[in-house]
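Student: Dropping in work-v4.txt, which is compact mmCIF, C-alpha atoms:
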# COMPACT_ATOMS: atom_id res chain seq x y z
CA MET A 892 70.55 367.17 -65.03
CA SER A 893 67.46 365.40 -63.76
CA LYS A 894 66.08 362.17 -65.07
CA ALA A 895 64.01 363.80 -67.79
CA SER A 896 65.10 362.65 -71.23
CA VAL A 897 66.15 365.54 -73.40
CA LEU A 898 66.34 365.86 -77.15
CA VAL A 899 68.31 368.74 -78.61
CA VAL A 900 66.67 369.79 -81.88
CA VAL A 901 68.95 371.59 -84.31
CA PRO A 902 67.04 373.06 -87.25
CA ALA A 903 69.51 373.56 -90.08
CA PHE A 904 69.13 375.16 -93.47
CA ASN A 905 72.30 375.47 -95.55
CA GLU A 906 74.51 375.36 -92.47
CA GLU A 907 77.40 373.24 -93.76
CA GLU A 908 79.93 375.83 -92.58
CA SER A 909 78.91 376.00 -88.95
CA LEU A 910 77.05 372.77 -88.29
CA ALA A 911 80.10 370.60 -87.64
CA ALA A 912 81.44 372.97 -84.99
CA THR A 913 78.03 373.18 -83.32
CA LEU A 914 77.64 369.40 -83.24
CA ASP A 915 81.18 368.88 -81.98
CA GLU A 916 80.56 371.35 -79.18
CA LEU A 917 77.28 369.63 -78.32
CA ALA A 918 79.03 366.26 -78.17
CA ARG A 919 81.57 367.72 -75.74
CA THR A 920 79.05 369.43 -73.47
CA THR A 921 76.02 367.18 -73.22
CA ARG A 922 75.01 363.55 -73.27
CA ALA A 923 71.52 364.44 -74.49
CA ASP A 924 70.44 363.01 -77.83
CA VAL A 925 70.69 365.37 -80.76
CA LEU A 926 68.40 365.57 -83.76
CA VAL A 927 69.37 367.63 -86.78
CA VAL A 928 66.40 368.63 -88.91
CA ASP A 929 67.82 369.46 -92.31
CA ASP A 930 65.21 371.81 -93.71
CA GLY A 931 65.73 371.15 -97.40
CA SER A 932 69.32 372.39 -97.54
CA ARG A 933 71.02 372.64 -100.90
CA ASP A 934 74.47 372.10 -99.45
CA HIS A 935 76.06 369.26 -97.47
CA THR A 936 74.21 369.93 -94.22
CA SER A 937 72.76 366.41 -94.06
CA GLY A 938 76.05 364.78 -94.99
CA ILE A 939 77.92 366.67 -92.27
CA ALA A 940 75.24 365.81 -89.73
CA ARG A 941 75.48 362.13 -90.62
CA GLN A 942 79.20 362.15 -89.88
CA HIS A 943 78.30 362.87 -86.27
CA ASP A 944 76.59 360.71 -83.71
CA VAL A 945 73.23 362.41 -84.14
CA HIS A 946 69.83 361.62 -85.59
CA VAL A 947 69.02 363.25 -88.89
CA LEU A 948 65.67 364.05 -90.43
CA ARG A 949 65.59 365.71 -93.80
CA HIS A 950 62.82 367.79 -95.33
CA ALA A 951 62.79 367.30 -99.07
CA VAL A 952 61.99 370.99 -99.53
CA ASN A 953 62.58 374.06 -97.38
CA LEU A 954 59.66 374.68 -95.04
CA GLY A 955 60.96 377.27 -92.60
CA VAL A 956 62.48 377.11 -89.13
CA GLY A 957 59.12 376.75 -87.38
CA ALA A 958 58.19 373.75 -89.47
CA ALA A 959 61.61 372.22 -88.81
CA LEU A 960 61.09 372.67 -85.09
CA GLN A 961 57.65 371.11 -85.36
CA THR A 962 59.20 368.11 -87.08
CA GLY A 963 61.65 367.89 -84.20
CA PHE A 964 58.77 367.97 -81.72
CA ARG A 965 57.02 365.13 -83.49
CA TYR A 966 60.21 363.07 -83.39
CA ALA A 967 60.59 363.82 -79.68
CA LEU A 968 56.99 362.82 -78.98
CA GLU A 969 57.20 359.62 -81.00
CA ARG A 970 60.43 358.56 -79.31
CA GLY A 971 59.25 359.41 -75.83
CA TYR A 972 61.47 362.35 -74.93
CA ASP A 973 60.23 364.56 -72.09
CA ILE A 974 61.85 367.78 -73.22
CA ALA A 975 63.02 369.23 -76.51
CA VAL A 976 65.50 372.06 -76.67
CA GLN A 977 65.85 374.14 -79.79
CA LEU A 978 69.45 375.03 -80.48
CA ASP A 979 70.47 376.92 -83.61
CA ALA A 980 73.00 375.39 -85.96
CA ASP A 981 74.92 378.62 -86.47
CA GLY A 982 76.70 378.56 -83.14
CA GLN A 983 74.74 381.43 -81.56
CA HIS A 984 73.47 379.23 -78.76
CA ASP A 985 75.97 378.01 -76.24
CA PRO A 986 75.28 374.41 -75.20
CA ALA A 987 76.81 375.21 -71.82
CA TYR A 988 73.42 376.70 -70.92
CA LEU A 989 71.50 373.55 -71.83
CA GLU A 990 71.31 372.34 -68.29
CA SER A 991 70.03 375.59 -66.81
CA LEU A 992 67.54 375.90 -69.65
CA VAL A 993 66.16 372.41 -69.17
CA GLU A 994 66.00 372.62 -65.41
CA PRO A 995 62.76 374.64 -64.96
CA VAL A 996 60.92 372.40 -67.44
CA ALA A 997 62.31 369.20 -65.94
CA SER A 998 61.35 370.28 -62.43
CA GLY A 999 57.84 371.18 -63.57
CA ALA A 1000 58.26 374.85 -62.72
CA ALA A 1001 57.56 375.85 -66.32
CA ASP A 1002 56.33 374.37 -69.58
CA VAL A 1003 58.57 376.50 -71.76
CA ALA A 1004 61.93 377.94 -70.76
CA ILE A 1005 63.32 380.76 -72.87
CA GLY A 1006 67.02 381.45 -73.06
CA SER A 1007 67.04 385.18 -72.63
CA ARG A 1008 70.06 387.25 -73.63
CA TYR A 1009 70.93 389.86 -71.12
CA VAL A 1010 74.27 390.95 -72.42
CA ALA A 1011 74.28 393.51 -75.22
CA ARG A 1012 76.18 392.19 -78.13
CA THR A 1013 78.57 394.26 -80.15
CA GLY A 1014 79.03 394.34 -83.89
CA TYR A 1015 75.53 393.17 -84.52
CA ARG A 1016 74.37 394.07 -88.01
CA ALA A 1017 71.23 396.01 -87.12
CA PRO A 1018 71.34 396.48 -83.37
CA ARG A 1019 68.96 399.41 -83.24
CA ALA A 1020 66.32 397.85 -85.48
CA ARG A 1021 66.63 394.56 -83.69
CA ARG A 1022 66.40 396.21 -80.30
CA LEU A 1023 63.35 398.18 -81.43
CA GLY A 1024 61.80 394.94 -82.62
CA MET A 1025 62.46 393.26 -79.30
CA VAL A 1026 60.79 396.14 -77.47
CA VAL A 1027 57.78 396.08 -79.80
CA PHE A 1028 57.23 392.34 -79.52
CA SER A 1029 57.88 392.38 -75.84
CA THR A 1030 55.15 395.01 -75.51
CA ILE A 1031 52.71 393.05 -77.66
CA VAL A 1032 53.33 389.94 -75.63
CA ARG A 1033 52.95 391.84 -72.38
CA LEU A 1034 49.67 393.38 -73.52
CA GLY A 1035 48.56 389.99 -74.77
CA ILE A 1036 49.30 387.86 -71.77
CA GLY A 1037 49.69 390.45 -69.05
CA ARG A 1038 53.21 389.40 -68.25
CA ARG A 1039 56.57 390.59 -69.39
CA ILE A 1040 58.87 388.40 -71.46
CA ALA A 1041 62.10 390.23 -72.13
CA ASP A 1042 63.43 388.19 -75.02
CA THR A 1043 60.54 387.13 -77.23
CA THR A 1044 62.75 386.54 -80.25
CA SER A 1045 65.14 384.12 -78.64
CA GLY A 1046 65.14 380.77 -80.40
CA PHE A 1047 67.03 379.07 -77.57
CA ARG A 1048 64.18 377.38 -75.71
CA ALA A 1049 63.23 374.22 -73.89
CA TYR A 1050 59.75 372.78 -74.42
CA GLY A 1051 57.90 370.25 -72.32
CA ARG A 1052 55.89 367.38 -73.76
CA ALA A 1053 52.46 368.95 -73.32
CA VAL A 1054 53.59 371.99 -75.29
CA MET A 1055 55.04 369.84 -78.03
CA GLU A 1056 51.74 368.01 -78.31
CA VAL A 1057 49.81 371.25 -78.73
CA CYS A 1058 52.36 372.45 -81.25
CA GLN A 1059 51.61 369.51 -83.51
CA HIS A 1060 48.30 371.11 -84.43
CA ASP A 1061 48.81 374.82 -84.29
CA PHE A 1062 52.18 376.32 -84.91
CA PRO A 1063 53.64 379.33 -86.72
CA GLN A 1064 55.59 377.95 -89.64
CA ASP A 1065 58.23 380.53 -90.33
CA PHE A 1066 59.10 382.47 -87.17
CA PRO A 1067 57.87 380.78 -84.00
CA ASP A 1068 58.42 383.79 -81.76
CA ALA A 1069 55.98 386.21 -80.14
CA PRO A 1070 52.81 384.63 -81.62
CA LEU A 1071 53.79 381.25 -80.25
CA LEU A 1072 54.43 382.65 -76.79
CA ILE A 1073 51.02 384.34 -76.80
CA THR A 1074 49.26 381.21 -78.03
CA LEU A 1075 50.95 379.07 -75.39
CA ALA A 1076 50.32 381.54 -72.59
CA ARG A 1077 46.65 381.73 -73.48
CA MET A 1078 46.43 377.98 -73.33
CA GLY A 1079 47.62 378.19 -69.78
CA PHE A 1080 51.21 377.07 -70.29
CA ARG A 1081 53.78 378.66 -68.03
CA THR A 1082 56.84 380.26 -69.52
CA CYS A 1083 59.97 381.34 -67.75
CA GLU A 1084 63.16 383.04 -68.82
CA VAL A 1085 66.61 381.76 -68.14
CA PRO A 1086 69.50 384.18 -68.60
CA VAL A 1087 71.91 383.12 -71.30
CA GLU A 1088 74.59 384.84 -73.26
CA MET A 1089 74.45 384.53 -77.01
CA ARG A 1090 77.32 384.60 -79.44
CA GLU A 1091 77.79 385.87 -82.93
CA ARG A 1092 76.94 383.50 -85.72
CA GLY A 1093 79.80 381.14 -86.37
CA ALA A 1094 79.54 381.15 -90.14
CA GLY A 1095 77.08 381.45 -92.96
CA ARG A 1096 74.58 384.10 -93.78
CA SER A 1097 72.27 385.52 -91.20
CA PHE A 1098 68.75 384.38 -91.60
CA TYR A 1099 67.57 387.97 -91.58
CA THR A 1100 67.80 389.14 -95.16
CA LEU A 1101 66.32 392.48 -96.19
CA GLY A 1102 63.09 390.96 -97.49
CA LYS A 1103 62.65 388.95 -94.33
CA SER A 1104 63.50 391.86 -92.09
CA LEU A 1105 60.57 393.73 -93.63
CA TYR A 1106 58.25 390.74 -93.62
CA TYR A 1107 59.15 389.53 -90.14
CA PRO A 1108 57.66 392.45 -88.16
CA TYR A 1109 54.50 392.47 -90.26
CA LYS A 1110 54.01 388.74 -89.92
CA ASN A 1111 54.74 388.65 -86.23
CA VAL A 1112 52.49 391.57 -85.35
CA LEU A 1113 49.62 390.14 -87.38
CA ALA A 1114 50.10 386.62 -86.07
CA SER A 1115 50.31 387.94 -82.50
CA LEU A 1116 47.04 389.82 -82.90
CA MET A 1117 45.42 386.73 -84.42
CA ALA A 1118 46.70 384.64 -81.54
CA LEU A 1119 44.99 387.09 -79.20
CA LEU A 1120 41.74 387.03 -81.16
CA ARG A 1121 41.51 383.25 -81.35
CA ARG A 1122 39.61 381.58 -78.56
CA SER A 1123 41.81 379.10 -76.88
CA ALA A 1124 40.35 375.64 -77.15
CA MET B 1140 16.01 399.72 -128.27
CA GLU B 1141 19.19 401.13 -126.82
CA PHE B 1142 22.20 401.08 -129.05
CA LEU B 1143 25.25 399.14 -127.97
CA SER B 1144 28.45 401.11 -127.63
CA ARG B 1145 31.54 399.75 -129.33
CA THR B 1146 33.17 399.14 -125.95
CA GLN B 1147 30.18 397.12 -124.84
CA ILE B 1148 30.32 394.93 -127.91
CA ILE B 1149 34.05 394.35 -127.55
CA LEU B 1150 33.64 393.49 -123.86
CA ALA B 1151 30.74 391.17 -124.53
CA LEU B 1152 32.52 389.36 -127.34
CA GLY B 1153 35.66 389.14 -125.22
CA ALA B 1154 33.65 387.63 -122.41
CA VAL B 1155 32.09 385.06 -124.71
CA GLY B 1156 35.54 384.23 -126.03
CA LEU B 1157 36.86 383.83 -122.48
CA ALA B 1158 33.99 381.55 -121.53
CA LEU B 1159 34.68 379.37 -124.56
CA PHE B 1160 38.39 379.26 -123.75
CA VAL B 1161 37.65 378.25 -120.15
CA LEU B 1162 35.39 375.45 -121.36
CA GLU B 1163 38.11 374.31 -123.75
CA LEU B 1164 40.60 374.20 -120.85
CA VAL B 1165 38.18 372.03 -118.90
CA ARG B 1166 37.63 369.78 -121.90
CA SER B 1167 41.35 369.26 -122.36
CA ARG B 1168 41.70 368.63 -118.60
CA ARG B 1169 44.04 371.54 -118.02
CA LEU B 1170 41.52 373.21 -115.69
CA SER B 1171 39.45 371.32 -113.16
CA GLU B 1172 35.67 371.72 -113.15
CA GLU B 1173 35.88 373.09 -109.63
CA TYR B 1174 37.96 376.09 -110.64
CA SER B 1175 36.18 376.65 -113.95
CA LEU B 1176 32.87 377.47 -112.30
CA LEU B 1177 33.75 380.97 -111.15
CA TRP B 1178 35.31 381.82 -114.49
CA VAL B 1179 32.35 380.61 -116.50
CA VAL B 1180 29.86 382.42 -114.28
CA ALA B 1181 31.85 385.66 -114.38
CA SER B 1182 32.43 385.71 -118.12
CA THR B 1183 28.79 384.88 -118.76
CA ALA B 1184 27.77 387.72 -116.48
CA VAL B 1185 29.97 390.17 -118.37
CA ALA B 1186 28.64 388.95 -121.70
CA VAL B 1187 25.02 389.33 -120.55
CA LEU B 1188 25.70 392.80 -119.18
CA GLY B 1189 27.47 393.78 -122.37
CA PHE B 1190 24.57 392.78 -124.58
CA THR B 1191 21.65 394.00 -122.43
CA THR B 1192 21.93 397.73 -122.11
CA PRO B 1193 18.82 398.28 -119.90
CA LEU B 1194 20.07 395.88 -117.24
CA LEU B 1195 23.51 397.43 -117.37
CA ARG B 1196 22.02 400.89 -117.20
CA GLY B 1197 19.90 399.94 -114.20
CA ILE B 1198 22.88 398.58 -112.32
CA THR B 1199 24.95 401.60 -113.26
CA ARG B 1200 22.30 403.96 -111.89
CA ALA B 1201 21.84 401.90 -108.75
CA LEU B 1202 25.59 402.02 -108.07
CA GLY B 1203 25.77 405.74 -108.79
CA ILE B 1204 28.23 405.27 -111.65
CA LEU B 1205 28.24 407.72 -114.61
CA TYR B 1206 29.11 405.43 -117.51
CA GLU B 1207 27.93 401.91 -118.24
CA THR B 1208 31.39 400.84 -119.34
CA SER B 1209 32.75 401.76 -115.95
CA THR B 1210 30.23 399.41 -114.37
CA VAL B 1211 31.51 396.53 -116.48
CA PHE B 1212 35.09 397.34 -115.52
CA ALA B 1213 34.19 397.74 -111.86
CA LEU B 1214 32.46 394.36 -111.80
CA GLY B 1215 35.41 392.82 -113.63
CA LEU B 1216 37.80 394.25 -111.09
CA ALA B 1217 35.66 393.03 -108.22
CA PHE B 1218 35.64 389.57 -109.73
CA THR B 1219 39.41 389.61 -110.22
CA THR B 1220 39.89 390.56 -106.60
CA VAL B 1221 37.65 387.76 -105.39
CA MET B 1222 39.40 385.31 -107.65
CA LEU B 1223 42.86 386.33 -106.39
CA LEU B 1224 41.74 386.07 -102.79
CA PHE B 1225 40.25 382.67 -103.52
CA ASN B 1226 43.58 381.62 -105.04
CA SER B 1227 45.49 382.87 -102.01
CA VAL B 1228 43.27 380.80 -99.74
CA LYS B 1229 43.81 377.75 -101.92
CA LEU B 1230 47.53 378.44 -101.96
CA SER B 1231 47.67 378.66 -98.17
CA ARG B 1232 45.91 375.34 -97.90
CA LEU B 1233 48.23 373.78 -100.44
CA SER B 1234 51.32 375.02 -98.55
CA HIS B 1235 49.89 373.57 -95.38
CA GLU B 1236 49.35 370.22 -97.08
CA ASN B 1237 52.78 370.45 -98.61
CA ARG B 1238 54.32 370.84 -95.15
CA GLN B 1239 52.44 367.81 -93.86
CA LEU B 1240 53.57 365.72 -96.81
CA THR B 1241 57.18 366.86 -96.58
CA ARG B 1242 57.24 366.00 -92.88
CA GLU B 1243 55.61 362.64 -93.50
CA LEU B 1244 58.20 361.92 -96.17
CA ALA B 1245 61.04 362.80 -93.81
CA PHE B 1246 59.74 360.35 -91.19
CA LEU B 1247 59.16 357.60 -93.74
CA ARG B 1248 62.66 358.02 -95.07
CA LEU B 1249 64.04 357.86 -91.55
CA ALA B 1250 62.11 354.65 -90.93
CA LEU B 1251 63.58 353.19 -94.11
CA GLU B 1252 67.09 354.30 -93.17
CA GLU B 1253 66.73 352.70 -89.78
CA GLN B 1254 65.74 349.44 -91.44
CA GLY B 1255 68.72 349.78 -93.73
CA ALA B 1256 66.39 349.78 -96.69
CA VAL B 1257 67.73 352.93 -98.30
CA THR B 1258 71.19 354.30 -99.06
CA GLN B 1259 72.01 350.84 -100.40
CA THR B 1260 70.81 350.52 -103.97
CA PRO B 1261 68.64 353.05 -105.72
CA SER B 1262 66.97 350.10 -107.41
CA ASP B 1263 64.00 351.91 -108.85
CA GLY B 1264 66.06 354.78 -110.16
CA GLY B 1265 64.62 357.20 -107.65
CA GLY B 1266 68.00 358.31 -106.34
CA GLY B 1267 68.72 360.19 -103.16
CA ALA B 1268 67.48 363.57 -102.07
Would you encode the structure as C-alpha cells?
Tutor:
Amino acid sequence: MSKASVLVVVPAFNEEESLAATLDELARTTRADVLVVDDGSRDHTSGIARQHDVHVLRHAVNLGVGAALQTGFRYALERGYDIAVQLDADGQHDPAYLESLVEPVASGAADVAIGSRYVARTGYRAPRARRLGMVVFSTIVRLGIGRRIADTTSGFRAYGRAVMEVCQHDFPQDFPDAPLLITLARMGFRTCEVPVEMRERGAGRSFYTLGKSLYYPYKNVLASLMALLRRSA
Amino acid sequence: MEFLSRTQIILALGAVGLALFVLELVRSRRLSEEYSLLWVVASTAVAVLGFTTPLLRGITRALGILYETSTVFALGLAFTTVMLLFNSVKLSRLSHENRQLTRELAFLRLALEEQGAVTQTPSDGGGGA
C-alpha cells in the first residue's frame, strides 16, 4: 500500500453477532486504522468493538448507514486520514480487497473507488429483485452522468479526502448509493470500479426488510432525479 | 337575509370552539405562537364563512361547487393538506438537526473518553448510553 493513510470505517447497527469476526479479520489483513461507528445499536455492538484495537464512535440514536458513514468521514477528516474505506460489519466485504480498492484513490487515478461484485452469488434471498434493482440504478446513473457504473449499490468503497469534505454538507442519510454517485460525478469527481467478490452475510438480519425493500427503490429513484436536477455548486 | 343551514351553524360554532382551544393551548404553553398562527387563521376563516352566507355563496359559485357546505369542507381539506405538508417540512428539518446533534454528541463523548473523563464515575447520575 502507498503512503496514504487509510481509515477503515465500519458502520454497525445491531451487529454483535458478526462484528467480532469482521474486526478480527481486519486485524489479520490490514494495518490500517479501523473506526467502528455504532449507529445507536441496542445490543453489545459498542462493547464488542471496544474489546478490539479499534476506534469507536457511538450515535446515541439510530441515524441510518449514510449518517454513520458521514460520521466516519468527519472523524477521518479531523484526524488527517487521506482515504476512508467503508466496510460493512456483517462480513460481506472481504478485507483482502482493501489494498486494491485503496490503490486508485491513493494514486490519484480516482476520487472514489467502488468495490464491484462480478461474481453472481448463490442463495441470495431476492436475487431477481436485487438484480433488477441493480440494472435500474445502473441505468439511472448512466443516464445521469453519461458513464456506466456496474455496481451502484455496492457499499464497499474507498473515498478520497476531497469527497469526504463535500460529503460533510450534502449526503444521503439512509442509502448512500446511486444518488451519491450522481452527485459526486456531477461535481466532477472521478469514480472507478474495482472488481471484488462479496460474501454472504456472516450473521444477523439483512438490512433489507420488506418495508425497506419497497422504500429503497422509491427513495433512490427520487433522490437520483433530484441529484440530477440540482445545480452543482 | 339568507338563512343559515344547520350544517353551517355547526361548522361555524366548531370553528370558533377550535380557535378558542388553540388559544388556550398557546396560553398554557403547550403550543408555540409560531404554530398557532395557521390554526387561528384557518378556524377564523371557517367561522366567518359559516356565518356569512353571501360570501360563502360567492366563493361557492366562483369555484363551481354546487353546495355551500362542500365549499367549507373543501377549504378545510385544503388547509389540512397544507398543514400536514408544513409539518412534514418541519419534521425533515428536525431530523436533520437531530442528526447533527447526535453526531456532535458522539464526537464530544469520544473526546471525553480520550481524556479519560468518562467511563469512570457517573457522578451526575447521567449513566452510560
Student: For chain B, report every residue with an atom at most 10 Å from chain A (counting only C-alpha atoms), formatted as a VMD selection string.
Tutor: chain B and resid 1234 to 1235 1237 to 1249 1268
Student: Could you tell me how far CA of Ala1114 (chain A) lies from CA of Pro1070 (chain A), in Å and to one decimal?
Tutor: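 For CA of Ala1114 (chain A) relative to CA of Pro1070 (chain A), the distance reads 5.6 Å.
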Student: In Å, rounded to a single decimal, give me how far CA of Val1180 (chain B) is from CA of Leu1223 (chain B).
Tutor: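 Taking CA of Leu1223 (chain B) and CA of Val1180 (chain B), their separation equals 15.7 Å.
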Student: Using all atoms listed in the file, which residues sit within 9 Å of Gly1006 (chain A) once same-chain residues fewer than 4 positions away are excluded, as a ChimeraX atom specification?
Tutor: /A:984,988,992,1042,1045-1049,1083-1089
Student: Using all atoms listed in the file, which protein or nucleic acid residues come within 8 Å of Gln1147 (chain B)? Drop anything in the same chain fewer than 2 positions from it, and give the result as a CSV table (one decimal) with C-alpha atoms, in the frame of the given file.
Tutor:
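Okay, this is what ended up in selection25.csv:
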chain,number,residue,atom,x,y,z
B,1143,LEU,CA,25.2,399.1,-128.0
B,1144,SER,CA,28.4,401.1,-127.6
B,1145,ARG,CA,31.5,399.8,-129.3
B,1149,ILE,CA,34.0,394.4,-127.6
B,1150,LEU,CA,33.6,393.5,-123.9
B,1151,ALA,CA,30.7,391.2,-124.5
B,1189,GLY,CA,27.5,393.8,-122.4
B,1190,PHE,CA,24.6,392.8,-124.6
B,1208,THR,CA,31.4,400.8,-119.3
Student: Tell me which protein, DNA and RNA residues are within 12 Å of region 1159-1162 of chain B, counting only C-alpha atoms, leaving out same-chain ones fewer than 2 positions away, and put them as a count of residues only.
Tutor: 27
Student: Report, in Å to a single decimal, how far apart CA of Ala1256 (chain B) and CA of His935 (chain A) are.
Tutor: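 One can read the CA of His935 (chain A) to CA of Ala1256 (chain B) distance as 21.8 Å.
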Student: In the coordinate frame of the file, compute which residues have an atom within 6 Å of (28.0, 395.2, -112.1) when using only C-alpha atoms, and state them as a ChimeraX atom specification.
Tutor: /B:1210-1211,1214
Student: Within 12 Å of Ile1198 (chain B), counting all atoms listed in the file, which residues show up once you throw out same-chain ones fewer than 5 positions away? Write them as a ChimeraX atom specification, please.
Tutor: /B:1188,1191-1193,1203-1211,1213-1214
Student: So that I can see what lies close to region 936-938 of chain A, please list as a list in words the residues with an atom at most 7 Å from it, counting only C-alpha atoms and leaving out residues fewer than 5 positions away in the same chain.
Tutor: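 Everything that qualifies: Asn905, Glu906, Glu907 and Asp929 of chain A.
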Student: Padding of 3 Å on every side, edges along x, y and z, all listed atoms of region 928-942 of chain A included: what centre and edge lengths in Å, to one decimal, does that box have, as lines of an AutoDock Vina configuration file?
Tutor:
center_x = 72.2
center_y = 367.4
center_z = -94.9
size_x = 20.0
size_y = 16.5
size_z = 18.0
Student: So, with all atoms listed in the file as the atoms that count, which of B:Leu1195, B:Ala1250, B:Leu1224, B:Ala1158 lies closest to Phe1212 (chain B)?
Tutor: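 Checking each of B:Leu1195, B:Ala1250, B:Leu1224, B:Ala1158 against Phe1212 (chain B), counting all atoms listed in the file, the winner is B:Leu1195.
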Student: Pull the neighbourhood of (39.5, 385.8, -78.0) for me: all residues within 12 Å in file coordinates, counting only C-alpha atoms, as a JSON list (two decimals) with C-alpha atoms, keeping the file's coordinate frame.
Tutor:
[["chain", "number", "residue", "atom", "x", "y", "z"],
["A", 1035, "GLY", "CA", 48.56, 389.99, -74.77],
["A", 1036, "ILE", "CA", 49.30, 387.86, -71.77],
["A", 1073, "ILE", "CA", 51.02, 384.34, -76.80],
["A", 1074, "THR", "CA", 49.26, 381.21, -78.03],
["A", 1077, "ARG", "CA", 46.65, 381.73, -73.48],
["A", 1078, "MET", "CA", 46.43, 377.98, -73.33],
["A", 1115, "SER", "CA", 50.31, 387.94, -82.50],
["A", 1116, "LEU", "CA", 47.04, 389.82, -82.90],
["A", 1117, "MET", "CA", 45.42, 386.73, -84.42],
["A", 1118, "ALA", "CA", 46.70, 384.64, -81.54],
["A", 1119, "LEU", "CA", 44.99, 387.09, -79.20],
["A", 1120, "LEU", "CA", 41.74, 387.03, -81.16],
["A", 1121, "ARG", "CA", 41.51, 383.25, -81.35],
["A", 1122, "ARG", "CA", 39.61, 381.58, -78.56],
["A", 1123, "SER", "CA", 41.81, 379.10, -76.88],
["A", 1124, "ALA", "CA", 40.35, 375.64, -77.15]]
Student: Point out the residue among A:Val927, A:Leu917, A:Ala1069, A:Val1057 with the least atom-to-atom distance to Val1026 (chain A), counting all atoms listed in the file.
Tutor: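 Of the candidates, the smallest distance to Val1026 (chain A) is held by A:Ala1069.
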